[in-house]
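Peer 1: Questions regarding the structure given below will be posed in turn.
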Amino acid sequence: MAAQQPEWPDERELKAALEELSALPPLVFAGEASRLRSALASVAEGKTFLLQAGDCAESFGDFSADAIRDKLKIVLQMAVVLTYAAGMPVLKVGRIAGQFAKPRTKNDETLGGVSLPSFRGHSVNDDTFDAEARRPDPARMVRSYHQSAATLNLIRAFTKGGFADINKLHTWNQEFVAASKQGRRYEQVAREIDRALRFMAACGIDLTEESELHEVDFYTSHEALLLGYEEALTRKDSLSGDYFDCSAHLLWIGERTRQLDGAHVEFLSGVKNPLAVKLGPSATPAEAIALADRLNPDNEPGRLSFITRMGAEKVGDALPPLVQEITDSGHNVVWICDPMHGNTISSGKGFKTRRFADILSEIKAFFAIHHESGTVPGGVHLELTHESVTECLGGAEEVLDGHLEHHYQALCDPRLNARQSLDLAFDLAEMLQTN
Ligand code: TRP
Ligand code: MN
């Protein structure tokens with residue numbers, strides 16, 4: 001049984017879309033996914049910190065060179081802060097170039113007495129509340145593929161073609177961020193890095209020759225929700241003979257689709273990409289162990305990450321037994337904190353929101369718990385945007401309840417805006433320093 005699949009109204013349309021996808025080139029190369037697995041093995045050892053971030057849901061309506069550039073800017077800024085302040089390499093993974101499908105609690109949404117299919121992400125239907133827009137259309141998966149291909153192409157160009165060069169770090173500070181307190185703090189870090197680079201150059205090191213300073217490895221990830229789409233993009237690697245899901249480097253299984261006997265676990269157990277599974281407060285240690293047995297039977301380091309999303313209130317009770325029993329079982333997993341999904345609340349005016357303080361508090365607890373048990377807090381999984389939105393409450397330049405309506409643009413879940421994201425990077429850097 002495959003949970004959370006759309007009810008496609010027309011079998012022939014579905015078949016045509018999947019056939020088209022099967023014939024299209026892969027988006028990523030198996031060798032890249034394997035490299036990510038090695039990088040994640042380094043995260044498991046505590047030698048690298050993972051920053052996985054992006055929109056809750058990507059949008060067909062937010063697709064431009066500027067948007068992709070700005071999404072990359074905020075991740076690079078956060079990564080620089082973390083790398084410099086914590087003195088630790090940062091593995092950069094985007095929720096991007098494929099994050100177009102959403103699981104939903106209810107099949108239908110009812111508004112003013114009218115019931116329509118729920119919005120399931122732009123790979124499936126449109127968010128507008130209108131019968132035609134909400135009709136699941138398989139051709140949208142093909143459109144997602146093409147948007148992912150173009151997005152990934154530009155990301156590759158930016159990260160390998162000079163935009164992510166460490167000498168460009170001042171240009172990643174967007175205007176509305178630069179004007180804020182955390183933006184100025186970033187400028188200070190940037191100046192210190194400039195000085196360190198000048199110092200090395202003065203010592204006679206030819207920095208132009210060091211490609212590490214001029215390029216960044218940036219990986220893609222999304223929730224592997226629509227099994228038809230994922231299967232159509234699965235290819236046999238001619239070098240190793242293994243199967244890879246070439247829609248992204250890393251795929252994760254959501255909290256709602258991680259049933260041991262379910263189709264998502266079955267499908268992903270058969271591909272060699274690095275995988276992640278989201279675990280909420282109801283996940284039992286026995287379930288987690290069974291998932292690890294199933295998804296990583298050879299206990300390969302970097303193959304499996306658990307992304308815990310407990311909520312600030314529950315993390316103290318829910319996380320320690322999982323960490324303890326997985327560790328005792330001998331499974332080598334990467335522990336990642338998703339401080340977003342367990343902390344979603346409804347604001348006074350009914351906006352879906354999250355408090356910055358709760359997000360921070362779950363991350364702090366995550367670090368403390370791993371510290372206590374001698375395990376590694378490997379990284380964070382965040383929903384954020386480069387834009388000046390008001391979707392999450394709080395942060396240094398405080399977003400208040402009454403502000404939410406000003407720039408609330410989320411298609412699905414509330415995201416940290418660029419200032420709140422940078423804020424969080426400074427907090428994370430401090431946690432990593434004292435770690
Ligand atoms: N290549 C190194 C890294 O990815 C250094 C680096 C270059 C970098 N440009 C960067 C680090 C931008 C963070 C952000 O870590
Ligand atoms: Mn979300």
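Labels for the structure tokens follow display order: chains A, B, ..., residues from 1 in each chain, ligands from 1.
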How would you write, as a list in words, the set of residues no farther than 9 Å from ligand 2 when counting only C-alpha atoms and all ligand atoms?
Peer 2: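 Result of the 9 Å neighbour search around ligand 2: Asp55, Cys56, Ala57, Lys102, Met340, His341, Leu382, Glu383, Cys412, Asp413, Pro414 and Arg415 of chain A.
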Peer 1: Just the selected residues (N, CA and C atoms), exported as a CSV table (one decimal), in the first residue's frame, please.
Peer 2:
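selection11.csv was written with the following content:
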```csv
chain,number,residue,atom,x,y,z
A,55,ASP,N,12.5,25.7,1.0
A,55,ASP,CA,11.1,25.9,1.2
A,55,ASP,C,10.4,24.7,1.7
A,56,CYS,N,9.2,24.9,2.3
A,56,CYS,CA,8.4,23.7,2.7
A,56,CYS,C,8.0,23.1,1.4
A,57,ALA,N,7.4,23.9,0.5
A,57,ALA,CA,7.0,23.4,-0.9
A,57,ALA,C,7.5,24.4,-1.9
A,102,LYS,N,3.4,17.3,-1.4
A,102,LYS,CA,3.1,17.4,0.0
A,102,LYS,C,2.1,16.3,0.5
A,340,MET,N,11.2,22.5,13.0
A,340,MET,CA,10.1,23.2,12.4
A,340,MET,C,8.7,22.5,12.6
A,341,HIS,N,8.7,21.2,12.2
A,341,HIS,CA,7.4,20.6,12.1
A,341,HIS,C,6.7,20.1,13.4
A,382,LEU,N,15.8,22.8,8.0
A,382,LEU,CA,15.1,24.0,8.2
A,382,LEU,C,14.2,24.3,7.0
A,383,GLU,N,13.0,25.0,7.3
A,383,GLU,CA,12.2,25.6,6.3
A,383,GLU,C,12.4,27.1,6.3
A,412,CYS,N,2.6,26.3,2.0
A,412,CYS,CA,2.3,25.2,2.9
A,412,CYS,C,2.6,25.6,4.3
A,413,ASP,N,3.8,25.4,4.7
A,413,ASP,CA,4.2,25.7,6.1
A,413,ASP,C,4.9,27.0,6.2
A,414,PRO,N,4.9,27.6,7.4
A,414,PRO,CA,5.6,28.9,7.6
A,414,PRO,C,7.1,28.8,7.7
A,415,ARG,N,7.8,29.7,7.0
A,415,ARG,CA,9.2,29.6,6.8
A,415,ARG,C,9.9,30.7,7.6
```
Peer 1: Which residues in stretch 50-114 of chain A does DSSP call strand (DSSP E)? List them as a PyMOL selection string.
Peer 2: chain A and resi 50-54+90-95+108-111+114
Peer 1: At a cut-off of 9 Å around ligand 1, and using only C-alpha atoms and all ligand atoms, what residues come up? Please write them as a PyMOL selection string.
Peer 2: chain A and resi 73+75-84+88-92+159+162-169+211-218
Peer 1: If we count only C-alpha atoms and set the cut-off at 12 Å, which residues sit around A:Ala410, ignoring sequence neighbours fewer than 2 positions away in its own chain? Please answer as number ranges by chain.
Peer 2: A: 55-59, 61-62, 121, 127, 351-353, 383-385, 387-392, 404-405, 407-408, 412-417
Peer 1: Pick the closest to A:Leu304 from A:Leu40, A:Arg185, A:Glu7, A:Ser361: which is it, counting only C-alpha atoms?
Peer 2: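 Of the candidates, the smallest distance to A:Leu304 is held by A:Leu40.
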Peer 1: Within stretch 283-388 of chain A, find each residue whose DSSP state, derived from the backbone, is alpha helix (DSSP H), and express the selection as a ChimeraX atom specification.
Peer 2: /A:285-295,315-329,356-373
Peer 1: Take the residues from that selection and put them in a file with N, CA and C atoms, as a compact mmCIF listing (two decimals), in the first residue's frame.
Peer 2:
```
# COMPACT_ATOMS: atom_id res chain seq x y z
N PRO A 285 11.32 3.44 19.66
CA PRO A 285 12.66 2.94 19.36
C PRO A 285 12.62 1.67 18.51
N ALA A 286 11.64 0.80 18.78
CA ALA A 286 11.56 -0.45 18.00
C ALA A 286 11.29 -0.14 16.53
N GLU A 287 10.44 0.84 16.27
CA GLU A 287 10.17 1.23 14.89
C GLU A 287 11.43 1.77 14.22
N ALA A 288 12.14 2.61 14.96
CA ALA A 288 13.35 3.21 14.39
C ALA A 288 14.38 2.13 14.07
N ILE A 289 14.52 1.17 14.97
CA ILE A 289 15.48 0.09 14.74
C ILE A 289 15.07 -0.74 13.52
N ALA A 290 13.77 -1.02 13.44
CA ALA A 290 13.28 -1.80 12.30
C ALA A 290 13.51 -1.04 10.99
N LEU A 291 13.33 0.28 11.03
CA LEU A 291 13.58 1.06 9.82
C LEU A 291 15.06 1.03 9.44
N ALA A 292 15.91 1.11 10.44
CA ALA A 292 17.35 1.06 10.16
C ALA A 292 17.75 -0.31 9.62
N ASP A 293 17.18 -1.38 10.19
CA ASP A 293 17.47 -2.73 9.69
C ASP A 293 17.09 -2.84 8.22
N ARG A 294 15.93 -2.26 7.92
CA ARG A 294 15.39 -2.39 6.58
C ARG A 294 16.10 -1.49 5.57
N LEU A 295 16.38 -0.25 5.98
CA LEU A 295 16.91 0.72 5.00
C LEU A 295 18.44 0.73 4.95
N VAL A 315 10.48 17.13 22.94
CA VAL A 315 11.79 16.58 22.57
C VAL A 315 12.52 15.96 23.76
N GLY A 316 12.38 16.57 24.92
CA GLY A 316 13.07 16.08 26.12
C GLY A 316 12.67 14.67 26.51
N ASP A 317 11.41 14.31 26.25
CA ASP A 317 10.95 12.96 26.58
C ASP A 317 11.12 12.01 25.41
N ALA A 318 10.88 12.52 24.20
CA ALA A 318 10.78 11.62 23.05
C ALA A 318 12.14 11.26 22.44
N LEU A 319 13.09 12.19 22.47
CA LEU A 319 14.35 11.92 21.75
C LEU A 319 15.32 10.97 22.48
N PRO A 320 15.53 11.14 23.81
CA PRO A 320 16.55 10.30 24.45
C PRO A 320 16.37 8.79 24.26
N PRO A 321 15.14 8.23 24.42
CA PRO A 321 15.04 6.78 24.23
C PRO A 321 15.38 6.33 22.80
N LEU A 322 15.02 7.17 21.82
CA LEU A 322 15.36 6.80 20.43
C LEU A 322 16.87 6.76 20.26
N VAL A 323 17.53 7.81 20.72
CA VAL A 323 18.98 7.90 20.56
C VAL A 323 19.65 6.74 21.29
N GLN A 324 19.18 6.50 22.49
CA GLN A 324 19.76 5.45 23.32
C GLN A 324 19.64 4.08 22.64
N GLU A 325 18.43 3.75 22.23
CA GLU A 325 18.23 2.38 21.72
C GLU A 325 18.83 2.17 20.33
N ILE A 326 18.80 3.21 19.52
CA ILE A 326 19.45 3.07 18.22
C ILE A 326 20.96 2.89 18.43
N THR A 327 21.51 3.67 19.33
CA THR A 327 22.95 3.55 19.60
C THR A 327 23.28 2.16 20.14
N ASP A 328 22.47 1.68 21.09
CA ASP A 328 22.71 0.35 21.65
C ASP A 328 22.57 -0.74 20.59
N SER A 329 21.72 -0.51 19.61
CA SER A 329 21.51 -1.52 18.57
C SER A 329 22.72 -1.62 17.63
N PHE A 356 10.00 31.48 16.75
CA PHE A 356 11.45 31.37 16.67
C PHE A 356 12.00 30.76 17.97
N ALA A 357 11.43 31.19 19.10
CA ALA A 357 11.92 30.71 20.40
C ALA A 357 11.74 29.19 20.53
N ASP A 358 10.63 28.65 20.02
CA ASP A 358 10.41 27.20 20.09
C ASP A 358 11.39 26.46 19.21
N ILE A 359 11.65 27.04 18.03
CA ILE A 359 12.59 26.44 17.08
C ILE A 359 13.97 26.34 17.72
N LEU A 360 14.38 27.46 18.31
CA LEU A 360 15.68 27.50 18.97
C LEU A 360 15.72 26.53 20.15
N SER A 361 14.63 26.49 20.88
CA SER A 361 14.61 25.66 22.07
C SER A 361 14.70 24.17 21.70
N GLU A 362 14.04 23.76 20.62
CA GLU A 362 14.16 22.35 20.21
C GLU A 362 15.60 22.04 19.78
N ILE A 363 16.23 22.97 19.07
CA ILE A 363 17.61 22.72 18.64
C ILE A 363 18.53 22.62 19.85
N LYS A 364 18.32 23.50 20.82
CA LYS A 364 19.18 23.46 22.02
C LYS A 364 19.02 22.12 22.74
N ALA A 365 17.77 21.66 22.85
CA ALA A 365 17.52 20.38 23.52
C ALA A 365 18.18 19.24 22.73
N PHE A 366 18.08 19.32 21.42
CA PHE A 366 18.69 18.31 20.54
C PHE A 366 20.20 18.22 20.81
N PHE A 367 20.86 19.38 20.87
CA PHE A 367 22.30 19.39 21.17
C PHE A 367 22.57 18.81 22.56
N ALA A 368 21.78 19.25 23.53
CA ALA A 368 22.02 18.82 24.91
C ALA A 368 21.85 17.31 25.05
N ILE A 369 20.80 16.78 24.41
CA ILE A 369 20.52 15.34 24.53
C ILE A 369 21.65 14.52 23.89
N HIS A 370 22.10 14.95 22.73
CA HIS A 370 23.19 14.21 22.08
C HIS A 370 24.49 14.35 22.88
N HIS A 371 24.68 15.52 23.43
CA HIS A 371 25.87 15.74 24.24
C HIS A 371 25.87 14.77 25.42
N GLU A 372 24.72 14.70 26.05
CA GLU A 372 24.53 13.85 27.21
C GLU A 372 24.79 12.37 26.89
N SER A 373 24.31 11.93 25.73
CA SER A 373 24.42 10.50 25.42
C SER A 373 25.69 10.16 24.63
```
Peer 1: With distances taken over only C-alpha atoms, which of A:Leu50, A:Ala23, A:Ala33, A:Leu250 is nearest to A:Leu432?
Peer 2: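 Using only C-alpha atoms, the shortest distance to A:Leu432 belongs to A:Leu50.
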Peer 1: Can you tell me how far atom CA of A:Leu424 sits from atom CA of A:Arg191, in Å to one decimal?
Peer 2: 20.1 Å
Peer 1: Name the closest residue to A:Arg309 among the candidates A:Pro274, A:Gly112, A:Gly94, A:Gly254; distances are taken between atoms, counting only C-alpha atoms.
Peer 2: A:Gly254
Peer 1: Smallest atom-to-atom distance to A:Phe60: which of A:Lys349, A:Arg143, A:Arg235, A:Arg256, using only C-alpha atoms?
Peer 2: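 Going through A:Lys349, A:Arg143, A:Arg235, A:Arg256 one by one, the smallest distance to A:Phe60 is for A:Arg143.
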Peer 1: So which one's closest to A:Glu300, A:Trp335, A:Arg195, A:Phe267, A:Ala41? Using only C-alpha atoms, please.
Peer 2: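 Result for the nearest residue to A:Glu300: A:Ala41.
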Peer 1: Could you tell me which of A:Ala39, A:Ser180, A:Lys272, A:Glu175 comes closest to A:Asp242 if we count only C-alpha atoms?
Peer 2: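 Once distances to A:Asp242 are computed over only C-alpha atoms, the minimum belongs to A:Lys272.
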Peer 1: What's the 8 Å shell around A:Ala101, counting only C-alpha atoms, without same-chain residues fewer than 5 positions away, as JSON, numbers by chain?
Peer 2: {"A": [57, 120, 121, 122, 123, 124, 223, 225, 226]}
Peer 1: Skip A:Glu187 itself and residues of its chain fewer than 4 positions away, then list as a PDB file with N, CA and C atoms, in the first residue's frame all residues within 10 Å of it, counting only C-alpha atoms.
Peer 2:
```pdb
ATOM      1  N   LEU A 169      31.782  36.991  -0.585  1.00  0.00           N
ATOM      2  CA  LEU A 169      30.857  36.829   0.539  1.00  0.00           C
ATOM      3  C   LEU A 169      30.098  38.086   0.915  1.00  0.00           C
ATOM      4  N   HIS A 170      30.610  39.268   0.556  1.00  0.00           N
ATOM      5  CA  HIS A 170      29.847  40.490   0.855  1.00  0.00           C
ATOM      6  C   HIS A 170      28.589  40.584  -0.018  1.00  0.00           C
ATOM      7  N   ASN A 173      24.907  39.263   1.085  1.00  0.00           N
ATOM      8  CA  ASN A 173      24.095  39.945   2.087  1.00  0.00           C
ATOM      9  C   ASN A 173      23.050  40.791   1.355  1.00  0.00           C
ATOM     10  N   ALA A 178      21.126  43.181   5.147  1.00  0.00           N
ATOM     11  CA  ALA A 178      22.297  43.978   5.516  1.00  0.00           C
ATOM     12  C   ALA A 178      21.930  45.114   6.463  1.00  0.00           C
ATOM     13  N   LYS A 181      20.346  44.086  12.310  1.00  0.00           N
ATOM     14  CA  LYS A 181      21.398  43.809  13.287  1.00  0.00           C
ATOM     15  C   LYS A 181      22.213  42.570  12.891  1.00  0.00           C
ATOM     16  N   GLN A 182      21.513  41.517  12.486  1.00  0.00           N
ATOM     17  CA  GLN A 182      22.239  40.290  12.126  1.00  0.00           C
ATOM     18  C   GLN A 182      22.998  40.459  10.809  1.00  0.00           C
ATOM     19  N   GLY A 183      22.475  41.348   9.952  1.00  0.00           N
ATOM     20  CA  GLY A 183      23.177  41.650   8.705  1.00  0.00           C
ATOM     21  C   GLY A 183      24.503  42.343   8.994  1.00  0.00           C
ATOM     22  N   ARG A 191      34.262  40.621   7.088  1.00  0.00           N
ATOM     23  CA  ARG A 191      35.521  41.394   7.116  1.00  0.00           C
ATOM     24  C   ARG A 191      36.652  40.588   7.760  1.00  0.00           C
ATOM     25  N   GLU A 192      36.304  39.832   8.785  1.00  0.00           N
ATOM     26  CA  GLU A 192      37.338  39.002   9.427  1.00  0.00           C
ATOM     27  C   GLU A 192      37.856  37.942   8.453  1.00  0.00           C
ATOM     28  N   ILE A 193      36.950  37.375   7.676  1.00  0.00           N
ATOM     29  CA  ILE A 193      37.377  36.364   6.702  1.00  0.00           C
ATOM     30  C   ILE A 193      38.259  37.016   5.631  1.00  0.00           C
TER      31      ILE A 193
END
```
